[in-house]
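Read the structure below first, then the notes.
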Amino acid sequence: MADCEHLPNCGFCKKYANTKNLVVRGFISMYCKSAKQSECKRKEYKRTHGAPPPDDMMPSGQMMK
Ligand code: SF4
């Protein structure tokens, strides 16, 4: 499956691209590079608000602590 079309410009992915946090790495591989990209809450937020969400919003919709 192709990567999410937003991947090169996604604030979350840019900010956490090199993280060692396994949860974040799991999200990126499950959502951004795989089937769950259609369920990404960041995409939904952008559709609803017309602007990108905060960089710390994860694809699941929860905020990084
Ligand atoms: S977090 Fe969402 S919008 Fe960003 S690259 Fe991943 S799937 Fe796409």
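Residue numbering restarts at 1 in every chain; chains get A, B, ... in the order shown in the structure tokens, and ligands count up from 1 in that same order.
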For chain A against ligand 1, with a cut-off of 8 Å and counting only C-alpha atoms and all ligand atoms, what is the closest atom pair and its distance in Å to one decimal for every residue that makes the cut, ordered by chain and number, as a Markdown table?
```
| residue | atom | partner | partner_atom_place_in_ligand_line | distance |
| --- | --- | --- | --- | --- |
| A:Asp3 | CA | ligand 1 | 5 (S) | 7.6 |
| A:Cys4 | CA | ligand 1 | 8 (Fe) | 4.6 |
| A:Glu5 | CA | ligand 1 | 8 (Fe) | 6.5 |
| A:His6 | CA | ligand 1 | 8 (Fe) | 4.8 |
| A:Leu7 | CA | ligand 1 | 5 (S) | 3.6 |
| A:Pro8 | CA | ligand 1 | 5 (S) | 7.2 |
| A:Asn9 | CA | ligand 1 | 5 (S) | 7.5 |
| A:Cys10 | CA | ligand 1 | 4 (Fe) | 4.5 |
| A:Gly11 | CA | ligand 1 | 4 (Fe) | 7.0 |
| A:Phe12 | CA | ligand 1 | 1 (S) | 6.0 |
| A:Cys13 | CA | ligand 1 | 4 (Fe) | 6.1 |
| A:Phe27 | CA | ligand 1 | 6 (Fe) | 7.9 |
| A:Ile28 | CA | ligand 1 | 6 (Fe) | 6.0 |
| A:Tyr31 | CA | ligand 1 | 7 (S) | 4.8 |
| A:Cys32 | CA | ligand 1 | 6 (Fe) | 3.6 |
| A:Lys33 | CA | ligand 1 | 7 (S) | 7.3 |
| A:Lys36 | CA | ligand 1 | 7 (S) | 7.3 |
| A:Gln37 | CA | ligand 1 | 7 (S) | 4.2 |
| A:Ser38 | CA | ligand 1 | 7 (S) | 7.1 |
| A:Glu39 | CA | ligand 1 | 7 (S) | 7.7 |
| A:Cys40 | CA | ligand 1 | 2 (Fe) | 4.7 |
| A:Lys41 | CA | ligand 1 | 2 (Fe) | 6.7 |
| A:Arg42 | CA | ligand 1 | 2 (Fe) | 5.2 |
| A:Lys43 | CA | ligand 1 | 3 (S) | 5.0 |
| A:Met58 | CA | ligand 1 | 1 (S) | 6.4 |
| A:Pro59 | CA | ligand 1 | 1 (S) | 4.6 |
```
For A:Lys65: contacts at 12 Å, only C-alpha atoms, fewer than 6 positions along chain excluded, given as a PyMOL selection string = chain A and resi 21+24+55-58
If you run DSSP over the backbone, which residues in chain A end up helix (DSSP H, G or I)? Put them as a count of residues only.
-> 34
Distance atom CA of A:Val23-atom CA of A:Pro54, one decimal place?
->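 Atom CA of A:Pro54 lies 18.2 Å from atom CA of A:Val23.
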